>>> print(open('coords38.cif').read())   # mmCIF, C-alpha atoms and all ligand atoms
data_final
loop_
_atom_site.label_atom_id
_atom_site.label_comp_id
_atom_site.auth_asym_id
_atom_site.auth_seq_id
_atom_site.Cartn_x
_atom_site.Cartn_y
_atom_site.Cartn_z
CA MET A 1 -127.34 52.81 -51.44
CA ARG A 2 -123.67 52.20 -52.08
CA PRO A 3 -123.09 51.74 -55.80
CA THR A 4 -121.81 48.24 -56.49
CA GLN A 5 -120.16 49.26 -59.73
CA LYS A 6 -118.91 52.28 -61.57
CA SER A 7 -120.97 54.45 -63.84
CA TRP A 8 -121.09 54.26 -67.61
CA LEU A 9 -120.27 57.97 -67.34
CA PRO A 10 -116.88 58.17 -65.55
CA GLU A 11 -117.54 61.70 -64.28
CA ALA A 12 -120.55 60.34 -62.36
CA ASN A 13 -118.47 57.84 -60.39
CA THR A 14 -118.84 59.61 -57.05
CA PHE A 15 -122.64 59.25 -57.36
CA HIS A 16 -122.84 62.65 -55.67
CA LEU A 17 -125.96 63.53 -57.71
CA PRO A 18 -126.52 67.12 -56.58
CA TYR A 19 -129.85 68.60 -57.66
CA GLY A 20 -130.29 71.73 -59.73
CA ALA A 21 -132.53 73.29 -62.35
CA PHE A 22 -131.92 74.81 -65.77
CA GLU A 23 -133.88 76.95 -68.18
CA VAL A 24 -135.79 75.18 -70.93
CA GLU A 25 -137.66 77.58 -73.22
CA ASP A 26 -140.20 79.38 -71.03
CA THR A 27 -139.93 77.03 -68.04
CA GLN A 28 -137.29 75.15 -66.09
CA HIS A 29 -136.39 71.48 -65.66
CA LEU A 30 -134.90 69.76 -62.64
CA CYS A 31 -131.61 67.98 -63.15
CA VAL A 32 -128.71 66.28 -61.40
CA ALA A 33 -125.09 67.21 -62.03
CA LEU A 34 -122.73 64.55 -63.38
CA GLY A 35 -119.35 66.25 -63.59
CA ALA A 36 -119.48 68.59 -66.57
CA HIS A 37 -122.89 67.23 -67.60
CA LEU A 38 -126.40 67.38 -66.27
CA LEU A 39 -129.12 64.76 -66.51
CA ASP A 40 -132.50 66.32 -67.31
CA LEU A 41 -134.89 64.71 -64.79
CA HIS A 42 -137.92 65.88 -66.74
CA ALA A 43 -136.69 64.09 -69.86
CA ALA A 44 -135.53 61.03 -67.90
CA ALA A 45 -138.68 60.73 -65.77
CA ASP A 46 -139.94 57.65 -67.63
CA LEU A 47 -136.73 55.84 -66.66
CA LEU A 48 -137.44 56.50 -62.96
CA PRO A 49 -140.15 55.11 -60.62
CA PRO A 50 -143.69 56.04 -61.82
CA THR A 51 -144.54 57.32 -58.33
CA LEU A 52 -141.84 59.97 -58.75
CA LYS A 53 -142.67 61.02 -62.32
CA ALA A 54 -144.68 64.08 -61.26
CA VAL A 55 -142.03 65.37 -58.83
CA CYS A 56 -139.26 64.81 -61.39
CA GLN A 57 -141.22 66.85 -63.93
CA ALA A 58 -142.02 69.71 -61.56
CA PRO A 59 -140.14 72.98 -62.22
CA VAL A 60 -138.82 73.10 -58.63
CA LEU A 61 -137.66 70.55 -56.08
CA ASN A 62 -140.32 71.42 -53.49
CA PRO A 63 -142.74 68.56 -54.37
CA LEU A 64 -139.88 66.04 -54.06
CA MET A 65 -138.59 67.69 -50.88
CA SER A 66 -142.01 67.48 -49.22
CA LEU A 67 -142.19 63.69 -49.68
CA GLY A 68 -139.44 63.02 -47.14
CA PRO A 69 -136.41 60.76 -46.85
CA LYS A 70 -137.97 57.54 -48.19
CA ALA A 71 -138.82 59.16 -51.53
CA TRP A 72 -135.42 60.91 -51.62
CA THR A 73 -133.71 57.53 -51.15
CA LEU A 74 -135.89 55.90 -53.81
CA LEU A 75 -134.93 58.56 -56.35
CA ARG A 76 -131.22 58.39 -55.51
CA GLU A 77 -131.23 54.59 -55.76
CA SER A 78 -133.07 54.73 -59.08
CA LEU A 79 -130.64 57.31 -60.45
CA THR A 80 -127.71 55.23 -59.24
CA ARG A 81 -129.07 52.16 -61.06
CA LEU A 82 -129.73 54.23 -64.19
CA LEU A 83 -126.14 55.49 -64.20
CA SER A 84 -124.50 52.18 -63.30
CA ALA A 85 -122.45 50.42 -65.94
CA ASN A 86 -124.95 47.59 -66.33
CA SER A 87 -128.00 49.82 -66.76
CA PRO A 88 -130.25 48.58 -69.60
CA ASN A 89 -131.43 52.18 -70.07
CA ARG A 90 -128.05 53.77 -70.72
CA LYS A 91 -128.90 54.84 -74.28
CA LYS A 92 -132.16 56.47 -73.18
CA ALA A 93 -130.43 58.24 -70.29
CA GLU A 94 -127.71 59.52 -72.63
CA ALA A 95 -130.43 61.25 -74.61
CA ALA A 96 -131.26 63.31 -71.49
CA LEU A 97 -127.67 64.46 -70.94
CA HIS A 98 -126.58 68.05 -71.60
CA SER A 99 -123.41 70.01 -71.09
CA ILE A 100 -123.63 72.21 -67.98
CA ALA A 101 -121.55 74.84 -69.75
CA GLY A 102 -124.33 75.27 -72.31
CA ALA A 103 -127.15 75.48 -69.73
CA THR A 104 -128.57 78.44 -67.82
CA LEU A 105 -128.81 77.30 -64.21
CA VAL A 106 -131.64 78.75 -62.15
CA LYS A 107 -132.88 78.44 -58.57
CA PRO A 108 -134.12 74.86 -58.07
CA VAL A 109 -136.16 75.58 -54.93
CA LEU A 110 -139.04 77.90 -54.21
CA ILE A 111 -137.81 79.32 -50.88
CA PRO A 112 -140.71 80.56 -48.74
CA ASN A 113 -138.58 81.70 -45.82
CA TYR A 114 -134.96 82.26 -44.91
CA THR A 115 -133.36 82.35 -41.47
CA ASP A 116 -129.72 83.14 -40.91
CA PHE A 117 -128.00 81.87 -37.76
CA TYR A 118 -124.76 82.77 -36.02
CA ALA A 119 -123.50 79.27 -35.29
CA SER A 120 -119.74 79.88 -35.38
CA ILE A 121 -118.43 80.87 -31.98
CA HIS A 122 -115.15 81.93 -33.60
CA HIS A 123 -117.00 84.37 -35.86
CA ALA A 124 -119.12 85.66 -32.97
CA THR A 125 -116.07 86.14 -30.76
CA ARG A 126 -113.88 87.82 -33.36
CA VAL A 127 -116.65 90.20 -34.47
CA GLY A 128 -117.60 90.85 -30.85
CA ARG A 129 -114.01 91.72 -30.02
CA LEU A 130 -114.07 94.51 -32.63
CA PHE A 131 -117.01 96.26 -31.01
CA ARG A 132 -116.88 95.06 -27.37
CA PRO A 133 -113.24 94.31 -26.54
CA ASN A 134 -114.09 93.70 -22.89
CA GLN A 135 -116.97 91.30 -23.59
CA PRO A 136 -116.57 89.81 -27.08
CA LEU A 137 -119.08 87.02 -26.53
CA LEU A 138 -122.43 87.98 -25.07
CA PRO A 139 -123.65 85.80 -22.15
CA ASN A 140 -126.50 84.25 -24.14
CA TYR A 141 -124.30 82.82 -26.90
CA LYS A 142 -123.51 79.44 -25.34
CA HIS A 143 -127.14 78.84 -24.39
CA VAL A 144 -129.24 80.00 -27.32
CA PRO A 145 -128.57 79.68 -31.07
CA ILE A 146 -128.74 83.29 -32.31
CA GLY A 147 -130.45 84.02 -35.61
CA TYR A 148 -132.47 86.59 -37.52
CA HIS A 149 -135.13 86.32 -40.19
CA GLY A 150 -133.58 86.99 -43.59
CA ARG A 151 -135.21 87.95 -46.85
CA ALA A 152 -136.19 85.08 -49.19
CA SER A 153 -137.17 87.13 -52.26
CA SER A 154 -133.63 88.38 -52.95
CA ILE A 155 -131.92 84.99 -52.83
CA ILE A 156 -130.31 84.52 -56.22
CA PRO A 157 -128.28 81.71 -57.77
CA GLY A 158 -124.52 82.09 -57.99
CA GLY A 159 -123.39 83.54 -61.30
CA PHE A 160 -125.74 86.53 -61.15
CA PRO A 161 -123.90 89.74 -60.30
CA ILE A 162 -124.41 91.71 -57.10
CA ILE A 163 -125.23 95.39 -57.42
CA ARG A 164 -123.54 97.51 -54.78
CA PRO A 165 -126.41 98.60 -52.53
CA THR A 166 -127.19 102.17 -51.61
CA GLY A 167 -128.49 103.09 -48.18
CA GLN A 168 -128.26 105.10 -45.00
CA THR A 169 -124.95 105.35 -43.23
CA ARG A 170 -123.97 106.90 -39.95
CA PRO A 171 -123.64 110.72 -39.95
CA ALA A 172 -120.10 112.07 -39.81
CA THR A 173 -120.90 113.77 -36.52
CA GLU A 174 -123.45 112.74 -33.97
CA GLY A 175 -126.74 114.54 -34.45
CA ALA A 176 -126.08 115.42 -38.12
CA GLN A 177 -128.14 114.03 -41.01
CA PRO A 178 -127.17 110.48 -42.06
CA ASN A 179 -125.80 109.93 -45.56
CA PHE A 180 -127.63 108.04 -48.32
CA GLU A 181 -124.90 106.59 -50.49
CA PRO A 182 -123.52 103.42 -52.10
CA THR A 183 -122.01 101.24 -49.39
CA LYS A 184 -118.29 101.72 -48.80
CA ALA A 185 -118.00 98.53 -46.77
CA LEU A 186 -119.35 95.69 -48.91
CA ASP A 187 -118.46 92.29 -47.46
CA TYR A 188 -119.13 88.61 -48.09
CA GLU A 189 -119.97 85.91 -45.54
CA LEU A 190 -119.00 82.28 -46.10
CA GLU A 191 -121.94 80.12 -45.08
CA LEU A 192 -123.72 76.84 -45.70
CA ALA A 193 -127.45 76.76 -46.51
CA LEU A 194 -129.67 73.94 -45.22
CA TYR A 195 -132.87 73.25 -47.16
CA ILE A 196 -135.89 71.99 -45.24
CA GLY A 197 -137.68 68.98 -46.75
CA GLN A 198 -140.68 67.88 -44.74
CA PRO A 199 -142.44 70.67 -42.85
CA ASN A 200 -143.64 70.65 -39.23
CA PRO A 201 -147.17 71.79 -38.33
CA LEU A 202 -147.57 75.08 -36.49
CA GLY A 203 -147.33 74.37 -32.77
CA THR A 204 -145.39 71.12 -33.16
CA PRO A 205 -141.66 71.47 -32.44
CA ILE A 206 -139.22 69.13 -34.16
CA PRO A 207 -137.36 67.09 -31.51
CA ILE A 208 -133.61 67.27 -31.89
CA ALA A 209 -133.35 63.51 -32.49
CA LYS A 210 -135.50 63.88 -35.61
CA ALA A 211 -134.19 67.24 -36.81
CA SER A 212 -131.66 65.86 -39.31
CA GLN A 213 -134.43 63.98 -41.15
CA HIS A 214 -135.92 67.35 -42.09
CA ILE A 215 -132.83 68.48 -43.99
CA PHE A 216 -133.10 67.73 -47.71
CA GLY A 217 -129.68 69.03 -48.66
CA VAL A 218 -127.11 71.79 -48.48
CA SER A 219 -125.56 74.39 -50.72
CA LEU A 220 -123.01 77.17 -50.37
CA LEU A 221 -124.33 80.58 -49.42
CA ASN A 222 -122.86 84.06 -49.52
CA ASP A 223 -124.62 86.46 -47.15
CA TRP A 224 -123.53 89.75 -48.74
CA SER A 225 -123.34 92.44 -46.07
CA ALA A 226 -123.00 96.22 -46.25
CA ARG A 227 -121.17 96.84 -42.98
CA ASP A 228 -121.65 100.62 -42.90
CA LEU A 229 -125.41 100.27 -43.45
CA GLN A 230 -125.43 97.48 -40.88
CA SER A 231 -123.69 99.40 -38.12
CA TRP A 232 -126.14 102.32 -38.49
CA GLU A 233 -129.38 100.33 -38.74
CA SER A 234 -128.83 97.26 -36.56
CA GLN A 235 -129.58 98.72 -33.11
CA PRO A 236 -131.77 97.47 -31.56
CA LEU A 237 -133.41 94.91 -33.86
CA GLY A 238 -130.54 93.51 -35.92
CA PRO A 239 -129.65 93.59 -39.61
CA PHE A 240 -132.24 94.67 -42.20
CA LEU A 241 -131.39 96.42 -45.49
CA SER A 242 -127.67 95.82 -44.98
CA LYS A 243 -128.33 92.15 -45.77
CA SER A 244 -131.58 91.94 -47.72
CA PHE A 245 -130.33 93.38 -51.03
CA SER A 246 -128.98 89.99 -52.21
CA THR A 247 -127.99 86.57 -50.95
CA SER A 248 -126.18 84.23 -53.36
CA VAL A 249 -126.58 80.46 -53.21
CA SER A 250 -124.74 77.88 -55.26
CA PRO A 251 -127.00 76.47 -57.97
CA TRP A 252 -126.47 72.83 -56.90
CA ILE A 253 -127.94 71.24 -53.77
CA THR A 254 -126.02 68.32 -52.32
CA PRO A 255 -128.48 65.79 -50.85
CA MET A 256 -127.80 64.87 -47.23
CA ALA A 257 -127.63 61.22 -48.33
CA ALA A 258 -124.55 62.02 -50.42
CA LEU A 259 -122.86 63.40 -47.28
CA GLU A 260 -123.65 60.31 -45.14
CA PRO A 261 -120.18 58.70 -45.60
CA TYR A 262 -118.54 61.99 -44.60
CA MET A 263 -120.21 62.46 -41.20
CA VAL A 264 -117.93 63.07 -38.22
CA PRO A 265 -118.54 64.11 -34.61
CA MET A 266 -118.52 67.85 -34.08
CA HIS A 267 -115.62 69.23 -32.09
CA SER A 268 -116.51 68.86 -28.43
CA ARG A 269 -117.33 71.91 -26.36
CA PRO A 270 -114.77 73.05 -23.82
CA LYS A 271 -115.36 71.39 -20.43
CA ASP A 272 -116.19 74.66 -18.69
CA ASP A 273 -118.91 75.61 -21.18
CA PRO A 274 -122.52 75.34 -20.00
CA LYS A 275 -124.47 72.29 -21.09
CA PRO A 276 -127.22 73.15 -23.58
CA LEU A 277 -130.81 72.93 -22.36
CA LYS A 278 -132.43 69.53 -22.78
CA TYR A 279 -134.21 70.30 -26.07
CA LEU A 280 -130.82 71.21 -27.58
CA ALA A 281 -128.82 68.47 -25.87
CA SER A 282 -127.42 66.35 -28.63
CA ARG A 283 -124.03 66.36 -30.21
CA THR A 284 -125.21 65.18 -33.57
CA GLN A 285 -122.70 64.58 -36.28
CA ILE A 286 -121.81 67.00 -39.01
CA PRO A 287 -120.38 66.44 -42.48
CA ASN A 288 -116.62 66.90 -42.63
CA VAL A 289 -116.72 69.83 -45.05
CA ASN A 290 -113.86 72.22 -45.70
CA LEU A 291 -114.72 75.61 -47.12
CA GLU A 292 -112.70 78.26 -48.92
CA VAL A 293 -113.21 81.86 -50.04
CA SER A 294 -111.24 83.29 -52.96
CA ILE A 295 -111.22 86.62 -54.73
CA THR A 296 -110.37 87.83 -58.21
CA THR A 297 -110.18 91.49 -59.13
CA GLU A 298 -110.44 93.11 -62.55
CA THR A 299 -106.65 93.61 -62.52
CA MET A 300 -106.04 89.98 -61.52
CA ARG A 301 -108.26 88.75 -64.33
CA ALA A 302 -106.61 91.10 -66.84
CA ASN A 303 -103.25 89.65 -65.81
CA ARG A 304 -104.62 86.10 -65.94
CA LEU A 305 -103.81 85.54 -62.28
CA PRO A 306 -105.64 82.71 -60.52
CA PRO A 307 -108.14 83.49 -57.73
CA PHE A 308 -106.43 84.47 -54.48
CA SER A 309 -107.43 82.41 -51.45
CA LEU A 310 -108.62 84.66 -48.62
CA SER A 311 -109.37 81.98 -46.03
CA GLN A 312 -110.29 78.37 -45.34
CA SER A 313 -112.49 77.00 -42.59
CA SER A 314 -114.28 73.83 -41.51
CA LEU A 315 -117.91 73.07 -40.81
CA ARG A 316 -116.72 71.08 -37.78
CA ASP A 317 -115.78 74.33 -36.06
CA LEU A 318 -119.43 75.38 -35.65
CA TYR A 319 -120.65 75.68 -32.07
CA TRP A 320 -124.25 74.78 -32.94
CA SER A 321 -125.09 71.84 -35.21
CA PRO A 322 -127.70 71.93 -38.00
CA ALA A 323 -129.92 69.67 -35.85
CA GLN A 324 -129.68 72.11 -32.95
CA LEU A 325 -130.58 75.02 -35.24
CA ILE A 326 -133.73 73.21 -36.42
CA ALA A 327 -134.75 72.08 -32.92
CA HIS A 328 -134.30 75.62 -31.66
CA HIS A 329 -136.10 77.25 -34.58
CA THR A 330 -139.19 75.12 -34.02
CA SER A 331 -139.01 75.01 -30.19
CA ASN A 332 -141.58 77.82 -29.89
CA GLY A 333 -143.93 76.03 -32.28
CA CYS A 334 -142.77 77.90 -35.39
CA ASN A 335 -143.59 75.90 -38.49
CA LEU A 336 -140.81 75.35 -41.03
CA GLN A 337 -142.06 74.93 -44.57
CA THR A 338 -140.82 72.80 -47.42
CA GLY A 339 -138.10 74.77 -49.20
CA ASP A 340 -137.27 77.00 -46.24
CA MET A 341 -133.61 77.85 -46.11
CA LEU A 342 -131.65 77.99 -42.87
CA ALA A 343 -128.10 79.31 -43.07
CA THR A 344 -125.35 78.56 -40.58
CA GLY A 345 -123.99 82.08 -40.31
CA THR A 346 -120.40 82.92 -41.19
CA ILE A 347 -118.24 79.82 -40.83
CA SER A 348 -114.97 80.89 -39.22
CA GLY A 349 -112.33 78.78 -37.50
CA PRO A 350 -110.21 79.49 -34.43
CA ALA A 351 -107.25 80.91 -36.42
CA ASP A 352 -107.41 84.50 -37.67
CA SER A 353 -106.61 83.15 -41.15
CA SER A 354 -109.80 81.06 -41.06
CA ALA A 355 -112.14 84.02 -40.74
CA GLY A 356 -115.12 83.77 -43.11
CA CYS A 357 -115.63 87.48 -43.88
CA LEU A 358 -113.60 90.65 -44.44
CA LEU A 359 -115.00 92.29 -41.30
CA GLU A 360 -112.95 89.75 -39.33
CA LEU A 361 -109.99 89.40 -41.73
CA THR A 362 -109.32 93.14 -42.00
CA ARG A 363 -110.55 94.01 -38.49
CA ASN A 364 -113.34 96.17 -39.83
CA GLY A 365 -111.10 97.62 -42.52
CA ALA A 366 -108.24 98.63 -40.20
CA GLU A 367 -105.81 96.04 -41.59
CA PRO A 368 -106.36 95.80 -45.37
CA ILE A 369 -105.45 92.63 -47.21
CA LYS A 370 -102.71 92.81 -49.80
CA LEU A 371 -103.39 90.95 -53.06
CA PRO A 372 -100.75 89.49 -55.44
CA THR A 373 -101.17 92.49 -57.76
CA GLY A 374 -100.27 94.90 -54.96
CA GLU A 375 -103.91 95.96 -54.70
CA VAL A 376 -105.31 96.22 -51.18
CA ARG A 377 -108.80 95.51 -49.92
CA SER A 378 -110.46 96.62 -46.70
CA PHE A 379 -113.82 95.74 -48.23
CA LEU A 380 -114.91 94.76 -51.75
CA SER A 381 -114.42 96.98 -54.80
CA ASP A 382 -116.55 97.04 -57.95
CA GLY A 383 -115.40 94.32 -60.33
CA ASP A 384 -114.25 92.01 -57.54
CA GLU A 385 -115.55 88.48 -57.77
CA ILE A 386 -115.96 86.30 -54.69
CA ILE A 387 -115.82 82.53 -55.08
CA LEU A 388 -116.97 80.17 -52.32
CA ARG A 389 -115.96 76.54 -52.66
CA ALA A 390 -116.33 73.51 -50.43
CA HIS A 391 -115.58 69.82 -50.43
CA ALA A 392 -116.27 66.90 -48.11
CA LYS A 393 -113.61 64.36 -47.28
CA ALA A 394 -113.40 61.07 -45.40
CA PRO A 395 -110.93 58.18 -45.30
CA GLY A 396 -111.56 55.74 -48.13
CA GLN A 397 -114.07 58.02 -49.80
CA PRO A 398 -113.61 60.13 -52.92
CA ARG A 399 -113.37 63.87 -52.35
CA LEU A 400 -116.91 65.19 -52.75
CA ASP A 401 -116.88 68.60 -54.40
CA LEU A 402 -119.78 70.76 -53.26
CA GLY A 403 -119.26 73.08 -56.20
CA GLU A 404 -118.93 76.80 -56.00
CA CYS A 405 -120.93 79.95 -55.44
CA ARG A 406 -119.47 82.89 -57.30
CA ALA A 407 -120.66 86.41 -57.96
CA ALA A 408 -119.05 89.66 -59.07
CA ILE A 409 -119.75 93.14 -57.75
CA LEU A 410 -121.24 95.70 -60.13
CA PRO A 411 -121.28 99.44 -59.38
CA ALA A 412 -124.30 100.93 -57.63
CA ARG A 413 -127.01 101.53 -60.20
CA ARG A 414 -130.45 100.40 -61.24
CA TRP A 415 -131.21 96.69 -60.79
CA PRO A 416 -131.17 94.39 -63.80
CA THR A 417 -134.05 91.96 -64.20
CA VAL A 418 -133.32 88.62 -62.57
CA SER A 419 -135.71 85.99 -63.80
CA ARG A 420 -136.97 83.41 -61.29
CA CA B 501 -124.71 85.88 -42.04
#
>>> encode(input="coords38.cif", output="C-alpha cells")
Amino acid sequence: MRPTQKSWLPEANTFHLPYGAFEVEDTQHLCVALGAHLLDLHAAADLLPPTLKAVCQAPVLNPLMSLGPKAWTLLRESLTRLLSANSPNRKKAEAALHSIAGATLVKPVLIPNYTDFYASIHHATRVGRLFRPNQPLLPNYKHVPIGYHGRASSIIPGGFPIIRPTGQTRPATEGAQPNFEPTKALDYELELALYIGQPNPLGTPIPIAKASQHIFGVSLLNDWSARDLQSWESQPLGPFLSKSFSTSVSPWITPMAALEPYMVPMHSRPKDDPKPLKYLASRTQIPNVNLEVSITTETMRANRLPPFSLSQSSLRDLYWSPAQLIAHHTSNGCNLQTGDMLATGTISGPADSSAGCLLELTRNGAEPIKLPTGEVRSFLSDGDEIILRAHAKAPGQPRLDLGECRAAILPARRWPTVSR
C-alpha cells in the first residue's frame, strides 16, 4: 500500500518499517524501526488486526514469516494506517514507542539453516585470479549457482564483537606440522542476507517464477573469514571453521514489500555467456541497492576520524538473482524452512575499488591498504571495526536506508556469553 499521507511521526515518513526485536526483561519483543524510535509490536498488538495479534506478540518473526505475503501485506498496511497522520490511535501507538538508542537489539529470527552463495561473478573472478591466474573462473560458474552450507548457530546481531578465531594454518614447509594459532588473515565479506518466509515441502522444488514470494526480507550480512584457516582446510570440501566462528547480521530486516518501488532489471549477461538451464531461466528484478564497507581503527577513533570507506558496490552486479538462488537451492527437492537465511556471497563490482572483501582489495595481503592515519591493513587488526551500510534508491522515491551492520574485532581469547 502506498501511504496517502505523511506520518504523525516525521521520521516514519518513508514507511520503510523494518522489523527487529529488542530485549524486554527476560524475553524479547518484536518491533519496527521508525527512524530513531522503535514501535513495540507486542505492546501495539491490540491496535493491529486480531488475526495477527499472536504473531505480533511472538518473541521472533518466524510465526509471521510462515503466514506468507498476504499476512505480511496486512500487517504493513495496518502499521501504515496506525502511523498515518489521521490515525485515531495515535496516542495509543505513542505509548508503544521507545528510543532505539536505549534498547538492546537482539536477533529477530530463529534461523534454522544458513546457506552462503557465491553470486558475484566479479568476486569469483577476482578471487580466482589470485589462486588460478590462468583460469580465474571455473567452467561451472556460469551454469550453476555455487554455495556451501554455513553455520546457523553462530549468526549474531551486529553490535556484538567478533573474537579473533584460533585454528589450524598451513605448515611453514610442506610435510611439517600445521600451526594452531590465532588467525593472521581475518577478513570481512560484504553480503546481503535473504530470509525465507513460507517453506517448501521436502521433495517439492520452488519454481523460479514463485521464488521471490518466499523471501520475507533482507538484511546486511558480514561473513567473517579467516583466510589462512580457509586456505589450509578448504580442499576438497570448501570452507568450514574459517567461516563458522561468527557471522554478523544487521539487527533490522527490510521487508521485500518496502523494496518494491526500488526494483530494477539486473544487468544483462554478456551475449556470449551460456543461457541458464530452464529451471533457472528468468531474469527477475532486483532491488537497486548500493552497499558500502567502512573501517575504523582504534587510532582513528582516538583521533576522532570518521570511518574510512573501503569500497562500494551494487546488488545489480550479481550474476545470479535471489530468485535463481532459491530455485536452485530447492531444485533437488531440498526443503527450505521458515527463517532460513540465504546469503548472496561477497558483493563485488567490476572495478577493483568495488571489491567486497580484503582478500580482493589487498590481493591476498600483497598490496596493503593505507588508512588516513598512515596505518596499513593487509587484513584486520584487533580493535578494527567494520561497518556495512546499504541504501536503496529509485527516481521519485526517498532514499531507503537499510541500516548498518557493525562489529569490532577483539583479540583471540575465551568467548563471552552471547544471549539469544
Ligand atoms: Ca561469503
>>> closest_residue(input="coords38.cif", among="A:Tyr195, A:Tyr319, A:Phe180, A:Phe15", to="Arg76 in chain A", atoms="all atoms listed in the file")
A:Phe15
>>> closest_atom_pairs(input="coords38.cif", of="range 139-176 of chain A", to="range 270-286 of chain A", cutoff="10 Å", atoms="only C-alpha atoms", output="tab-separated table")
residue	atom	partner	partner_atom	distance
A:Lys142	CA	A:Pro274	CA	6.8
A:His143	CA	A:Pro276	CA	5.7
A:Val144	CA	A:Pro276	CA	8.1
A:Pro145	CA	A:Leu280	CA	9.4
>>> residues_near_ligand(input="coords38.cif", ligand="ligand CA 501 (chain B)", cutoff="12 Å", atoms="only C-alpha atoms and all ligand atoms", output="PDB file with C-alpha atoms, in the coordinates of the input")
ATOM      1  CA  TYR A 114    -134.960  82.260 -44.910  1.00  0.00           C
ATOM      2  CA  THR A 115    -133.360  82.350 -41.470  1.00  0.00           C
ATOM      3  CA  ASP A 116    -129.720  83.140 -40.910  1.00  0.00           C
ATOM      4  CA  PHE A 117    -128.000  81.870 -37.760  1.00  0.00           C
ATOM      5  CA  TYR A 118    -124.760  82.770 -36.020  1.00  0.00           C
ATOM      6  CA  ALA A 119    -123.500  79.270 -35.290  1.00  0.00           C
ATOM      7  CA  SER A 120    -119.740  79.880 -35.380  1.00  0.00           C
ATOM      8  CA  HIS A 123    -117.000  84.370 -35.860  1.00  0.00           C
ATOM      9  CA  ALA A 124    -119.120  85.660 -32.970  1.00  0.00           C
ATOM     10  CA  VAL A 127    -116.650  90.200 -34.470  1.00  0.00           C
ATOM     11  CA  ILE A 146    -128.740  83.290 -32.310  1.00  0.00           C
ATOM     12  CA  GLY A 147    -130.450  84.020 -35.610  1.00  0.00           C
ATOM     13  CA  TYR A 148    -132.470  86.590 -37.520  1.00  0.00           C
ATOM     14  CA  HIS A 149    -135.130  86.320 -40.190  1.00  0.00           C
ATOM     15  CA  GLY A 150    -133.580  86.990 -43.590  1.00  0.00           C
ATOM     16  CA  ARG A 151    -135.210  87.950 -46.850  1.00  0.00           C
ATOM     17  CA  ASP A 187    -118.460  92.290 -47.460  1.00  0.00           C
ATOM     18  CA  TYR A 188    -119.130  88.610 -48.090  1.00  0.00           C
ATOM     19  CA  GLU A 189    -119.970  85.910 -45.540  1.00  0.00           C
ATOM     20  CA  LEU A 190    -119.000  82.280 -46.100  1.00  0.00           C
ATOM     21  CA  GLU A 191    -121.940  80.120 -45.080  1.00  0.00           C
ATOM     22  CA  LEU A 192    -123.720  76.840 -45.700  1.00  0.00           C
ATOM     23  CA  ALA A 193    -127.450  76.760 -46.510  1.00  0.00           C
ATOM     24  CA  LEU A 221    -124.330  80.580 -49.420  1.00  0.00           C
ATOM     25  CA  ASN A 222    -122.860  84.060 -49.520  1.00  0.00           C
ATOM     26  CA  ASP A 223    -124.620  86.460 -47.150  1.00  0.00           C
ATOM     27  CA  TRP A 224    -123.530  89.750 -48.740  1.00  0.00           C
ATOM     28  CA  SER A 225    -123.340  92.440 -46.070  1.00  0.00           C
ATOM     29  CA  ALA A 226    -123.000  96.220 -46.250  1.00  0.00           C
ATOM     30  CA  ARG A 227    -121.170  96.840 -42.980  1.00  0.00           C
ATOM     31  CA  GLN A 230    -125.430  97.480 -40.880  1.00  0.00           C
ATOM     32  CA  GLY A 238    -130.540  93.510 -35.920  1.00  0.00           C
ATOM     33  CA  PRO A 239    -129.650  93.590 -39.610  1.00  0.00           C
ATOM     34  CA  PHE A 240    -132.240  94.670 -42.200  1.00  0.00           C
ATOM     35  CA  SER A 242    -127.670  95.820 -44.980  1.00  0.00           C
ATOM     36  CA  LYS A 243    -128.330  92.150 -45.770  1.00  0.00           C
ATOM     37  CA  SER A 244    -131.580  91.940 -47.720  1.00  0.00           C
ATOM     38  CA  SER A 246    -128.980  89.990 -52.210  1.00  0.00           C
ATOM     39  CA  THR A 247    -127.990  86.570 -50.950  1.00  0.00           C
ATOM     40  CA  SER A 248    -126.180  84.230 -53.360  1.00  0.00           C
ATOM     41  CA  LEU A 342    -131.650  77.990 -42.870  1.00  0.00           C
ATOM     42  CA  ALA A 343    -128.100  79.310 -43.070  1.00  0.00           C
ATOM     43  CA  THR A 344    -125.350  78.560 -40.580  1.00  0.00           C
ATOM     44  CA  GLY A 345    -123.990  82.080 -40.310  1.00  0.00           C
ATOM     45  CA  THR A 346    -120.400  82.920 -41.190  1.00  0.00           C
ATOM     46  CA  ILE A 347    -118.240  79.820 -40.830  1.00  0.00           C
ATOM     47  CA  SER A 348    -114.970  80.890 -39.220  1.00  0.00           C
ATOM     48  CA  GLY A 356    -115.120  83.770 -43.110  1.00  0.00           C
ATOM     49  CA  CYS A 357    -115.630  87.480 -43.880  1.00  0.00           C
ATOM     50  CA  LEU A 359    -115.000  92.290 -41.300  1.00  0.00           C
TER      51      LEU A 359
END
>>> closest_residue(input="coords38.cif", among="A:Pro287, A:Lys370, A:Leu47, A:Asp382", to="Ala257 in chain A", atoms="only C-alpha atoms")
A:Pro287
>>> closest_residue(input="coords38.cif", among="A:Leu259, A:Leu336, A:Leu315, A:Leu325", to="Pro350 in chain A", atoms="only C-alpha atoms")
A:Leu315
>>> axis_aligned_box(input="coords38.cif", around="range 376-386 of chain A", padding_each_side="5 Å", output="JSON")
{"center_x": -110.9, "center_y": 91.7, "center_z": -53.5, "size_x": 21.2, "size_y": 20.7, "size_z": 23.6}
>>> closest_residue(input="coords38.cif", among="A:Leu402, A:Ile326, A:Met300, A:Ala407", to="Ile386 in chain A", atoms="only C-alpha atoms")
A:Ala407
>>> residues_near_point(input="coords38.cif", point="(-130.5, 77.5, -69.5)", cutoff="9 Å", atoms="all atoms listed in the file", output="NGL selection string")
:A and (21-25 or 28 or 100 or 102-106)
>>> atom_distance(input="coords38.cif", atom1="CA of Gly167 in chain A", atom2="CA of Asn113 in chain A")
23.8 Å
>>> residues_around(input="coords38.cif", residues="range 90-93 of chain A", least_positions_apart="4", cutoff="12 Å", atoms="all atoms listed in the file", output="ChimeraX atom specification")
/A:7-9,38-48,79-86,97-98
